[in-house]
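A.B. asks: Supplied structure: coords-v3.txt, compact mmCIF, C-alpha atoms.
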# COMPACT_ATOMS: atom_id res chain seq x y z
CA MET S 19 -45.56 208.76 0.33
CA LYS S 20 -46.35 206.69 3.44
CA PHE S 21 -43.05 204.85 3.02
CA LEU S 22 -41.17 208.16 2.87
CA PHE S 23 -42.81 209.64 5.97
CA TYR S 24 -43.26 206.57 8.13
CA TYR S 25 -39.99 204.75 7.42
CA ILE S 26 -37.31 206.96 5.85
CA LEU S 27 -38.28 209.91 8.09
CA ARG S 28 -39.90 207.88 10.82
CA ARG S 29 -37.79 209.40 13.61
CA PHE S 30 -39.63 212.68 12.94
CA PHE S 31 -43.11 211.39 12.08
CA VAL S 32 -43.59 208.18 14.07
CA ARG S 33 -43.42 207.13 17.70
CA LEU S 34 -43.99 203.47 18.49
CA GLU S 35 -44.47 202.23 22.04
CA TYR S 36 -45.53 198.77 23.19
CA ASP S 37 -45.66 196.46 26.16
CA SER S 38 -47.08 193.01 26.85
CA GLU S 39 -50.68 194.24 26.58
CA LYS S 40 -50.95 196.96 23.95
CA ILE S 41 -49.32 198.88 21.09
CA VAL S 42 -49.39 202.69 20.91
CA LEU S 43 -48.56 204.21 17.51
CA THR S 44 -48.42 207.99 16.99
CA LYS S 45 -48.04 209.47 13.49
CA GLY S 46 -47.65 213.01 12.19
CA ILE S 47 -46.15 216.34 13.28
CA ILE S 48 -48.83 219.02 12.84
CA PHE S 49 -51.79 216.65 12.90
CA ARG S 50 -50.91 213.80 15.24
CA ILE S 51 -52.93 210.59 15.23
CA THR S 52 -52.51 208.13 18.07
CA THR S 53 -53.74 204.54 17.69
CA VAL S 54 -53.94 202.18 20.64
CA LEU S 55 -54.37 198.47 19.91
CA THR S 56 -54.68 195.76 22.54
CA LEU S 57 -52.72 192.65 21.60
CA SER S 58 -55.41 190.33 22.98
CA SER S 59 -57.77 191.54 20.21
CA ALA S 60 -55.34 190.74 17.36
CA VAL S 61 -56.46 187.97 15.01
CA LYS S 62 -53.97 188.32 12.14
CA PHE S 63 -50.43 189.64 11.57
CA THR S 64 -49.06 190.25 8.06
CA VAL S 65 -45.53 191.18 6.98
CA LYS S 66 -45.08 192.46 3.41
CA GLN S 67 -41.77 193.06 1.62
CA SER S 68 -42.04 194.52 -1.86
CA PRO S 69 -38.91 194.96 -4.03
CA LEU S 70 -38.74 198.63 -2.93
CA LEU S 71 -39.00 197.68 0.75
CA ARG S 72 -36.30 195.02 0.37
CA LEU S 73 -34.04 197.61 -1.29
CA PHE S 74 -34.27 199.73 1.86
CA HIS S 75 -34.16 196.68 4.18
CA ALA S 76 -37.68 197.44 5.39
CA LYS S 77 -40.95 195.60 5.89
CA GLU S 78 -44.57 196.67 6.24
CA VAL S 79 -46.40 195.15 9.20
CA THR S 80 -50.20 195.14 9.50
CA ILE S 81 -52.01 193.96 12.62
CA PHE S 82 -55.68 193.06 12.19
CA THR S 83 -58.25 192.93 14.97
CA LEU S 84 -61.91 191.94 14.78
CA GLY S 85 -62.93 195.47 13.77
CA SER S 86 -59.85 197.44 12.71
CA LYS S 87 -56.20 197.26 11.66
CA LEU S 88 -52.90 199.00 12.36
CA SER S 89 -50.06 199.41 9.81
CA LEU S 90 -46.45 200.40 10.44
CA PHE S 91 -43.02 200.10 8.86
CA LEU S 92 -40.11 198.35 10.57
CA SER S 93 -36.56 197.51 9.71
CA LYS S 94 -36.01 194.08 8.20
CA ASN S 95 -34.14 192.92 11.31
CA GLU S 96 -36.59 194.41 13.81
CA GLN S 97 -38.58 191.71 15.56
CA PRO S 98 -40.66 193.29 18.34
CA PRO S 99 -42.10 190.81 20.86
CA PHE S 100 -45.68 191.39 19.72
CA LEU S 101 -44.82 190.14 16.21
CA PRO S 102 -44.95 186.29 15.96
CA LYS S 103 -41.86 184.72 14.46
CA MET S 104 -42.31 182.06 11.80
CA PRO S 105 -40.77 178.65 12.56
CA LYS S 106 -38.01 177.29 10.35
CA HIS S 107 -39.77 174.00 9.65
CA SER S 108 -42.81 174.15 7.38
CA VAL S 109 -44.91 172.13 4.95
CA ARG S 110 -44.80 173.06 1.26
CA PRO S 111 -47.57 172.14 -1.20
CA ARG S 112 -46.56 170.84 -4.60
CA PHE S 113 -46.31 173.29 -7.49
CA ARG S 114 -49.30 171.76 -9.27
CA GLU S 115 -51.38 172.38 -6.15
CA ILE S 116 -50.25 176.02 -6.05
CA LEU S 117 -51.06 176.31 -9.77
CA PHE S 118 -54.51 174.89 -9.08
CA GLY S 119 -55.11 177.27 -6.18
CA ALA S 120 -54.08 180.30 -8.27
CA PHE S 121 -56.39 179.18 -11.08
CA ILE S 122 -59.40 178.77 -8.78
CA ASP S 123 -58.69 181.97 -6.84
CA THR S 124 -58.54 184.17 -9.95
CA ARG S 125 -61.93 185.86 -10.37
CA ALA S 126 -63.00 187.24 -13.76
CA LEU S 127 -64.69 190.48 -12.64
CA ALA S 128 -62.01 191.31 -10.08
CA GLY S 129 -59.37 190.59 -12.72
CA ILE S 130 -60.98 192.99 -15.19
CA ALA S 131 -61.16 195.77 -12.59
CA PHE S 132 -57.54 195.16 -11.51
CA PHE S 133 -56.27 194.99 -15.12
CA THR S 134 -58.10 198.21 -16.01
CA ALA S 135 -56.66 200.01 -12.97
CA ILE S 136 -53.13 198.84 -13.87
CA LEU S 137 -53.50 200.06 -17.46
CA ARG S 138 -54.80 203.45 -16.31
CA ARG S 139 -51.98 203.79 -13.78
CA ILE S 140 -49.33 202.91 -16.40
CA GLY S 141 -50.96 205.31 -18.86
CA SER S 142 -50.89 208.14 -16.30
CA ILE S 143 -47.17 207.52 -15.63
CA ILE S 144 -45.85 206.85 -19.14
CA GLY S 145 -48.43 208.78 -21.14
CA SER S 146 -51.89 208.46 -22.63
CA SER S 147 -50.46 207.29 -25.97
CA TYR S 148 -49.32 204.06 -24.32
CA PHE S 149 -52.84 203.38 -23.04
CA ASP S 150 -54.32 204.22 -26.46
CA ASN S 151 -51.90 201.81 -28.19
CA ILE S 152 -52.96 198.95 -25.90
CA ILE S 153 -56.66 199.60 -26.50
CA SER S 154 -55.96 199.82 -30.24
CA ALA S 155 -54.25 196.43 -30.12
CA PHE S 156 -57.31 194.94 -28.39
CA VAL S 157 -59.61 196.48 -31.04
CA THR S 158 -57.47 195.10 -33.88
CA THR S 159 -57.48 191.63 -32.32
CA ALA S 160 -61.25 191.76 -31.86
CA GLU S 161 -61.75 192.78 -35.52
CA LYS S 162 -59.62 189.86 -36.72
CA ILE S 163 -61.60 187.44 -34.53
CA SER S 164 -64.90 188.78 -35.92
CA GLU S 165 -63.63 188.44 -39.50
CA THR S 166 -62.41 184.89 -38.84
CA LEU S 167 -65.76 183.84 -37.37
CA LEU S 168 -67.57 185.27 -40.40
CA ILE S 169 -65.76 182.74 -42.57
CA ILE S 170 -67.65 179.96 -40.76
CA HIS S 171 -70.88 182.04 -40.88
CA VAL S 172 -70.82 183.08 -37.23
CA ALA S 173 -71.60 186.77 -36.78
CA VAL S 174 -70.19 188.32 -33.61
CA PRO S 175 -70.43 192.09 -33.02
CA LYS S 176 -67.05 193.78 -32.71
CA ILE S 177 -67.91 195.15 -29.28
CA ALA S 178 -68.63 191.62 -28.04
CA ALA S 179 -65.34 190.37 -29.51
CA PHE S 180 -63.49 193.29 -27.91
CA ALA S 181 -65.06 192.55 -24.52
CA ALA S 182 -64.07 188.88 -24.81
CA VAL S 183 -60.46 189.69 -25.75
CA PHE S 184 -60.14 192.27 -22.97
CA ALA S 185 -61.66 189.93 -20.37
CA LEU S 186 -59.36 187.06 -21.40
CA CYS S 187 -56.22 189.24 -21.22
CA ALA S 188 -57.35 190.62 -17.85
CA TRP S 189 -57.91 187.12 -16.48
CA ILE S 190 -54.50 185.87 -17.69
CA PHE S 191 -52.78 188.91 -16.17
CA SER S 192 -54.55 188.44 -12.84
CA PHE S 193 -53.78 184.71 -12.87
CA LEU S 194 -50.04 185.36 -13.32
CA ILE S 195 -50.06 187.92 -10.50
CA LYS S 196 -51.89 185.45 -8.26
CA LEU S 197 -49.44 182.67 -9.17
CA LEU S 198 -46.46 184.87 -8.29
CA ARG S 199 -48.06 185.71 -4.94
CA LEU S 200 -48.77 182.06 -4.07
CA SER S 201 -45.41 180.74 -5.27
CA GLU S 202 -43.15 179.28 -2.57
CA LEU S 203 -46.21 178.85 -0.34
CA CYS S 204 -45.47 177.09 2.94
CA LEU S 205 -47.49 176.40 6.07
CA SER S 206 -46.38 175.92 9.67
CA LYS S 207 -47.71 176.04 13.24
CA ARG S 208 -46.36 177.24 16.57
CA GLY S 209 -48.43 177.64 19.70
CA LYS S 210 -51.73 179.34 18.93
CA PHE S 211 -50.51 180.66 15.55
CA ILE S 212 -50.81 179.25 12.02
CA PHE S 213 -48.10 180.71 9.74
CA VAL S 214 -48.39 181.15 5.98
CA LYS S 215 -45.46 182.35 3.85
CA SER S 216 -45.51 182.96 0.08
CA GLY S 217 -44.33 185.15 -2.77
CA ILE S 218 -41.38 185.61 -5.14
CA VAL S 219 -41.41 189.26 -6.24
CA THR S 220 -43.23 190.54 -3.17
CA LEU S 221 -42.77 188.43 -0.05
CA TYR S 222 -45.68 187.79 2.34
CA GLU S 223 -45.70 186.33 5.84
CA THR S 224 -48.98 185.88 7.71
CA ALA S 225 -49.61 184.73 11.26
CA LEU S 226 -53.20 183.66 11.98
CA VAL S 227 -54.54 183.33 15.50
CA GLN S 228 -56.41 180.07 16.08
CA ASN S 229 -60.15 179.99 16.67
CA THR S 230 -60.84 183.59 15.60
CA ASP S 231 -62.62 182.90 12.31
CA ALA S 232 -64.13 180.15 10.18
CA ALA S 233 -62.15 177.91 7.87
CA VAL S 234 -63.75 178.33 4.44
CA MET S 235 -63.48 175.99 1.45
CA ARG S 236 -64.44 177.44 -1.95
CA LYS S 237 -65.56 174.77 -4.40
CA THR S 238 -66.30 175.33 -8.10
CA ILE S 239 -67.22 172.86 -10.83
CA ILE S 240 -63.53 172.35 -11.58
CA CYS S 241 -62.90 171.69 -7.88
CA TYR S 242 -65.77 169.21 -7.87
CA LEU S 243 -64.23 167.33 -10.80
CA ALA S 244 -60.71 167.48 -9.35
CA GLY S 245 -61.80 166.40 -5.87
CA CYS S 246 -60.02 169.27 -4.10
CA ALA S 247 -60.48 172.99 -3.43
CA PRO S 248 -58.62 175.92 -1.82
CA VAL S 249 -59.10 176.64 1.89
CA TYR S 250 -59.07 180.13 3.42
CA TYR S 251 -58.78 181.42 6.95
CA ASN S 252 -59.32 185.09 7.74
CA ARG S 253 -59.15 185.87 3.98
CA THR S 254 -55.79 184.11 3.64
CA MET S 255 -55.31 180.98 1.54
CA VAL S 256 -53.83 178.33 3.82
CA LEU S 257 -54.18 175.33 1.47
CA PRO S 258 -54.32 175.71 -2.33
CA ALA S 259 -55.78 172.26 -3.04
CA ALA S 260 -57.33 170.36 -0.14
CA SER S 261 -59.50 167.27 -0.19
CA GLU S 262 -62.50 166.93 2.11
CA ASN S 263 -60.40 164.96 4.61
CA ASN S 264 -57.64 167.59 4.56
CA PHE S 265 -60.24 170.32 5.06
CA GLU S 266 -61.57 168.46 8.08
CA ARG S 267 -58.08 168.15 9.57
CA ILE S 268 -57.14 171.80 8.99
CA SER S 269 -60.48 172.89 10.46
CA GLU S 270 -59.70 170.93 13.62
CA GLN S 271 -56.30 172.62 13.82
CA LEU S 272 -57.70 176.11 13.25
CA SER S 273 -60.59 175.72 15.68
CA GLY S 274 -58.58 173.81 18.29
CA THR S 275 -61.26 171.13 18.67
CA ALA S 276 -61.06 167.36 18.79
CA PRO S 277 -62.38 165.19 15.93
CA GLU S 278 -66.10 164.50 16.14
CA THR S 279 -68.79 162.76 14.12
CA SER S 280 -72.00 164.63 13.34
CA VAL S 281 -75.01 164.01 11.13
CA LEU S 282 -74.87 165.65 7.69
CA VAL S 283 -77.84 167.83 6.72
CA LYS S 284 -78.67 168.38 3.05
CA THR S 285 -81.28 170.21 1.03
CA PRO S 286 -83.82 167.77 -0.48
CA PHE S 287 -83.11 167.37 -4.18
CA TYR S 288 -86.56 168.59 -5.20
CA ARG S 289 -85.80 171.90 -3.41
CA ILE S 290 -82.35 172.50 -4.95
CA SER S 291 -83.87 175.14 -7.22
CA GLY S 292 -84.41 177.27 -4.12
CA HIS S 293 -80.66 178.00 -4.13
CA ILE S 294 -80.70 179.37 -7.69
CA THR S 295 -84.03 181.20 -7.94
CA VAL S 296 -82.62 184.45 -9.37
CA PRO S 297 -80.37 182.94 -12.09
CA LEU S 298 -83.19 180.55 -13.09
CA TRP S 299 -85.57 183.49 -13.60
CA ILE S 300 -82.94 185.38 -15.62
CA PHE S 301 -82.29 182.29 -17.75
CA GLY S 302 -86.02 181.80 -18.39
CA ILE S 303 -86.63 185.46 -19.33
CA SER S 304 -83.55 185.60 -21.60
CA SER S 305 -84.53 182.37 -23.34
CA ALA S 306 -88.12 183.56 -23.85
CA LEU S 307 -86.98 186.86 -25.36
CA LEU S 308 -84.59 185.07 -27.72
CA VAL S 309 -87.37 182.77 -28.89
CA LEU S 310 -89.57 185.82 -29.44
CA PHE S 311 -86.87 187.45 -31.54
CA TYR S 312 -86.52 184.43 -33.80
CA LEU S 313 -90.27 183.80 -34.15
CA SER S 314 -90.81 187.42 -35.20
CA GLU S 315 -87.87 187.15 -37.64
CA MET S 316 -86.44 190.44 -36.46
CA ARG S 317 -83.23 191.23 -38.33
CA PHE S 318 -82.16 194.22 -36.26
CA ALA S 319 -81.08 194.79 -32.68
CA ARG S 320 -78.05 192.49 -33.03
CA LEU S 321 -76.49 194.07 -29.96
CA LEU S 322 -79.59 193.26 -27.90
CA LYS S 323 -79.53 189.67 -29.15
CA THR S 324 -75.87 189.38 -28.16
CA ALA S 325 -76.69 190.71 -24.70
CA LEU S 326 -79.52 188.17 -24.36
CA TYR S 327 -77.21 185.36 -25.46
CA CYS S 328 -74.62 186.40 -22.87
CA SER S 329 -77.28 186.76 -20.17
CA GLY S 330 -78.80 183.37 -20.97
CA PHE S 331 -75.43 181.64 -21.07
CA ALA S 332 -74.21 183.21 -17.80
CA SER S 333 -77.44 182.57 -15.87
CA GLY S 334 -77.72 179.04 -17.28
CA TYR S 335 -74.13 178.27 -16.28
CA ILE S 336 -74.68 179.64 -12.75
CA SER S 337 -77.87 177.57 -12.43
CA LEU S 338 -76.14 174.41 -13.62
CA CYS S 339 -73.25 174.97 -11.20
CA GLY S 340 -75.69 175.55 -8.35
CA ILE S 341 -77.60 172.34 -9.06
CA ILE S 342 -74.51 170.14 -9.31
CA LEU S 343 -72.64 171.63 -6.35
CA MET S 344 -75.55 172.07 -3.94
CA LYS S 345 -76.70 168.52 -4.66
CA ASN S 346 -73.48 167.32 -3.01
CA ALA S 347 -73.12 170.08 -0.41
CA ALA S 348 -73.92 169.34 3.22
CA SER S 349 -74.01 171.10 6.57
CA SER S 350 -73.43 169.63 10.01
CA PHE S 351 -74.08 170.68 13.60
CA GLY S 352 -71.73 168.95 16.02
CA GLU S 353 -71.14 169.39 19.72
CA PHE S 354 -68.02 171.52 19.20
CA ARG S 355 -68.14 172.70 15.58
CA VAL S 356 -70.65 173.86 12.98
CA LYS S 357 -70.24 173.48 9.22
CA LEU S 358 -72.46 175.43 6.81
CA SER S 359 -72.62 175.17 3.01
CA PHE S 360 -73.99 177.96 0.83
CA ARG S 361 -73.81 179.17 -2.78
CA ARG S 362 -72.36 182.43 -4.09
CA GLY S 363 -72.13 182.94 -7.83
CA THR S 364 -70.70 179.85 -9.51
CA ALA S 365 -69.11 178.49 -6.34
CA VAL S 366 -70.27 176.75 -3.17
CA TYR S 367 -68.62 177.71 0.10
CA CYS S 368 -68.29 175.56 3.20
CA ALA S 369 -67.62 177.46 6.44
CA ASP S 370 -66.40 175.40 9.40
CA PHE S 371 -66.07 177.12 12.78
CA SER S 372 -65.99 176.39 16.49
CA ARG S 373 -69.05 176.95 18.67
CA ASP S 374 -66.76 178.96 20.97
CA ILE S 375 -66.78 181.88 18.51
CA SER S 376 -70.50 181.60 17.75
CA LYS S 377 -72.65 184.46 19.02
CA GLY S 378 -75.95 182.81 18.14
CA TYR S 379 -78.08 181.99 15.12
CA VAL S 380 -81.24 183.06 13.31
CA LEU S 381 -83.81 180.68 11.81
CA SER S 382 -86.08 182.15 9.12
CA GLN S 383 -88.83 180.58 7.02
CA ASN S 384 -90.79 182.00 4.06
CA ILE S 385 -94.20 180.90 2.83
CA PHE S 386 -92.70 178.62 0.17
CA GLN S 387 -90.56 176.78 2.73
CA ARG S 388 -93.34 176.09 5.22
CA PRO S 389 -95.08 173.24 3.31
CA ALA S 390 -91.73 171.46 2.89
CA HIS S 391 -90.66 172.11 6.52
CA LEU S 392 -87.49 173.91 5.41
CA CYS S 393 -85.76 177.01 6.75
CA ASP S 394 -82.70 179.25 6.39
CA TYR S 395 -80.01 179.07 9.09
CA LYS S 396 -77.88 182.18 9.70
CA ALA S 397 -74.92 181.73 12.04
CA LEU S 398 -73.51 184.78 13.82
CA ILE S 399 -69.85 184.68 14.82
CA ILE S 400 -67.44 187.15 16.38
CA GLY S 401 -66.18 190.02 14.26
CA LYS S 402 -69.58 191.05 12.85
CA LYS S 403 -69.51 188.10 10.47
CA SER S 404 -72.30 185.73 9.53
CA PHE S 405 -72.88 182.73 7.29
CA ARG S 406 -76.28 181.79 5.91
CA SER S 407 -77.21 178.33 4.71
CA ARG S 408 -80.53 178.03 2.89
CA GLN S 409 -83.15 175.32 2.35
CA LEU S 410 -82.23 173.18 5.36
CA PRO S 411 -84.68 170.90 7.23
CA LEU S 412 -86.46 172.85 9.96
CA LYS S 413 -85.59 170.38 12.74
CA ILE S 414 -81.82 170.64 12.93
CA PRO S 415 -79.59 170.35 16.01
CA SER S 416 -78.95 174.09 16.36
CA ASP S 417 -77.66 173.84 19.92
CA PRO S 418 -75.05 171.44 21.26
CA PRO S 419 -76.42 168.58 23.34
CA SER S 420 -76.34 169.14 27.09
For this file, write the structure as structure tokens.
C.D. replies:
Amino acid sequence: MKFLFYYILRRFFVRLEYDSEKIVLTKGIIFRITTVLTLSSAVKFTVKQSPLLRLFHAKEVTIFTLGSKLSLFLSKNEQPPFLPKMPKHSVRPRFREILFGAFIDTRALAGIAFFTAILRRIGSIIGSSYFDNIISAFVTTAEKISETLLIIHVAVPKIAAFAAVFALCAWIFSFLIKLLRLSELCLSKRGKFIFVKSGIVTLYETALVQNTDAAVMRKTIICYLAGCAPVYYNRTMVLPAASENNFERISEQLSGTAPETSVLVKTPFYRISGHITVPLWIFGISSALLVLFYLSEMRFARLLKTALYCSGFASGYISLCGIILMKNAASSFGEFRVKLSFRRGTAVYCADFSRDISKGYVLSQNIFQRPAHLCDYKALIIGKKSFRSRQLPLKIPSDPPS
């Protein structure tokens, strides 16, 4: 509907005006909405061309600022002066690196939600019988898996088998979509902009303004074993598989700072458990309840036992990932840049940003950290963003040397 009104009939519904300082976009006929965006506040430009947009020789442009965004449709050949133009020369990662980045970037829970939404949308278009047939196929597959496992005396409830089959199919579907989006990925630089181009079915072009966000590396257990991890800037993957040295170099490019050497700060090993307190408690409670079930020789509540097994496995895996990854994670506080490491779920993130975009920091300390002289460091940066690193030594160089 937006494409119909704001591109096909845009001469009636849209008025676009711009100069060297701002963009003024007015939409609508009866209810008119005028959006004014100053170009100096822009931090990210994206150009999207889906198969439908390419059919009509159109493109969707979105301009992001620190607190809002503006979307409009332009002709394929329209290149207004406020839209950065991507250079011809670029650097292309190898396909195996793109494959690795798509694998790491595919999240299980997000994949399940996306897969479910796609199935519901297809069912609403084609008919409910199509949706029912897909669910029936999942149920049949789950029943066959349960029957096969019974042959080797492993009892798995059908609902657990169905959940596993559905989750696996959802993950594979999301992985393929992610791989198509990252295919033909290339990276280039011109002036204050970093350009990222990717996609086969739907084409994406992104221009990122330097020193407006933190460069973030997301490292999982697989990344730890492979020695590389994807790097993001302003929620855009700029490198699908970067080593620590490559991450350092791209951080210097994105922050516009010179190379510097700073002391690494780590959590003492005996305090690593402070990063995984919640999953450790869940693992302990789940394990204790399972032991109680077996000691009491209870033959019922198989569904509850399955839930406890899943809870214990998930929390144990998260705890193990936290111990291994946080043991090797480090933060640093240099004269020009700050690097903070912190855990979320099964991954450890490293945020590297310039002190120029820092708005301050917050040091906090609970009663358990006081005897060990540890604290939590929360960095505040522009755009209402913050990064919090926990269990750091209390005496850290929070401010640059004078």
A.B. asks: I want to know what sits within 12 Å of S:Arg388, based on all atoms listed in the file, with residues of the same chain fewer than 6 positions away left out; could you give that as a list in words?
C.D. replies: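 My reading of the contact set: Ser382, Asp394, Gln409, Leu410, Pro411 and Leu412 of chain S.
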A.B. asks: May I have the residues within 12 Å of S:Arg114 as a tab-separated table (two decimals) with C-alpha atoms, in the coordinates of the input, using only C-alpha atoms and disregarding those fewer than 2 positions away in the same chain?
C.D. replies:
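Written file, out-v1.tsv:
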chain	number	residue	atom	x	y	z
S	110	ARG	CA	-44.80	173.06	1.26
S	111	PRO	CA	-47.57	172.14	-1.20
S	112	ARG	CA	-46.56	170.84	-4.60
S	116	ILE	CA	-50.25	176.02	-6.05
S	117	LEU	CA	-51.06	176.31	-9.77
S	118	PHE	CA	-54.51	174.89	-9.08
S	119	GLY	CA	-55.11	177.27	-6.18
S	120	ALA	CA	-54.08	180.30	-8.27
S	121	PHE	CA	-56.39	179.18	-11.08
S	197	LEU	CA	-49.44	182.67	-9.17
S	200	LEU	CA	-48.77	182.06	-4.07
S	201	SER	CA	-45.41	180.74	-5.27
S	202	GLU	CA	-43.15	179.28	-2.57
S	203	LEU	CA	-46.21	178.85	-0.34
S	258	PRO	CA	-54.32	175.71	-2.33
S	259	ALA	CA	-55.78	172.26	-3.04
A.B. asks: Would you compute the distance between atom CA of S:Ala244 and atom CA of S:Thr220? Give it in Å to one decimal.
C.D. replies: 29.6 Å
A.B. asks: Counting only C-alpha atoms, figure out which residue out of S:Leu22, S:Ala390, S:Leu343, S:Ile300 gets nearest to S:Phe74.
C.D. replies: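 Checking each of S:Leu22, S:Ala390, S:Leu343, S:Ile300 against S:Phe74, counting only C-alpha atoms, the winner is S:Leu22.
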A.B. asks: I want to know what sits within 10 Å of S:Asp37, based on all atoms listed in the file, with residues of the same chain fewer than 6 positions away left out; could you give that as a list in words?
C.D. replies: Thr56, Leu57, Pro98, Pro99 and Phe100 of chain S
A.B. asks: Which of these, S:Lys377, S:Lys207, S:Lys323, S:Arg236, has the shortest distance to S:Ile268 once you count only C-alpha atoms?
C.D. replies: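 Of S:Lys377, S:Lys207, S:Lys323, S:Arg236, the one nearest S:Ile268, counting only C-alpha atoms, is S:Lys207.
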A.B. asks: Separation of atom CA of S:Ala155 and atom CA of S:Lys196, in Å?
C.D. replies: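 Going from atom CA of S:Ala155 over to atom CA of S:Lys196 covers 24.6 Å.
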A.B. asks: Calculate how many Å separate atom CA of S:Val380 from atom CA of S:Ala397, rounding to one decimal.
C.D. replies: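 A separation of 6.6 Å between them.
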A.B. asks: Check the smallest atom-to-atom distance from each of S:Phe405, S:Phe91, S:Tyr251, S:Phe113 to S:Val61 using only C-alpha atoms, then report the winner.
C.D. replies: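 Once distances to S:Val61 are computed over only C-alpha atoms, the minimum belongs to S:Tyr251.
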A.B. asks: Quick one: of S:Leu257, S:Met344, S:Val356, S:Leu27, who's nearest to S:Lys45, counting only C-alpha atoms?
C.D. replies: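 Of S:Leu257, S:Met344, S:Val356, S:Leu27, the one nearest S:Lys45, counting only C-alpha atoms, is S:Leu27.
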A.B. asks: What's the 10 Å shell around S:Gly334, counting all atoms listed in the file, without same-chain residues fewer than 5 positions away, as a list in words?
C.D. replies: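 Here the qualifying residues turn out to be Pro297, Leu298, Trp299, Ile300, Phe301, Gly302, Ser304, Ser305, Cys328, Ser329, Cys339 and Gly340 of chain S.
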A.B. asks: Residues as selected, C-alpha atoms, written as a PDB file, keeping the file's coordinate frame, can you do that?
C.D. replies:
ATOM      1  CA  PRO S 297     -80.370 182.940 -12.090  1.00  0.00           C
ATOM      2  CA  LEU S 298     -83.190 180.550 -13.090  1.00  0.00           C
ATOM      3  CA  TRP S 299     -85.570 183.490 -13.600  1.00  0.00           C
ATOM      4  CA  ILE S 300     -82.940 185.380 -15.620  1.00  0.00           C
ATOM      5  CA  PHE S 301     -82.290 182.290 -17.750  1.00  0.00           C
ATOM      6  CA  GLY S 302     -86.020 181.800 -18.390  1.00  0.00           C
ATOM      7  CA  SER S 304     -83.550 185.600 -21.600  1.00  0.00           C
ATOM      8  CA  SER S 305     -84.530 182.370 -23.340  1.00  0.00           C
ATOM      9  CA  CYS S 328     -74.620 186.400 -22.870  1.00  0.00           C
ATOM     10  CA  SER S 329     -77.280 186.760 -20.170  1.00  0.00           C
ATOM     11  CA  CYS S 339     -73.250 174.970 -11.200  1.00  0.00           C
ATOM     12  CA  GLY S 340     -75.690 175.550  -8.350  1.00  0.00           C
TER      13      GLY S 340
END
A.B. asks: With distances taken over all atoms listed in the file, which residue among S:Leu73, S:Val109, S:Ile48, S:Ala182 lies nearest S:Val214?
C.D. replies: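 Comparing S:Leu73, S:Val109, S:Ile48, S:Ala182 against S:Val214, the winner is S:Val109.
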A.B. asks: For S:Thr124, which residue out of S:Ser206, S:Ser261, S:Ser376, S:Ser192 is the nearest one, using only C-alpha atoms?
C.D. replies: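 The answer is S:Ser192, which sits nearest to S:Thr124.
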A.B. asks: Select all residues near (-49.3, 191.1, 7.2) (cut-off 10 Å, inclusive, file coordinates), counting all atoms listed in the file, and output them as a VMD selection string.
C.D. replies: chain S and resid 62 to 67 77 to 82 89 222 to 226
A.B. asks: So that I can see what lies close to S:Val366, please list as JSON, numbers by chain the residues with an atom at most 7 Å from it, counting all atoms listed in the file and leaving out residues fewer than 5 positions away in the same chain.
C.D. replies: {"S": [236, 237, 238, 343, 359, 360, 361]}
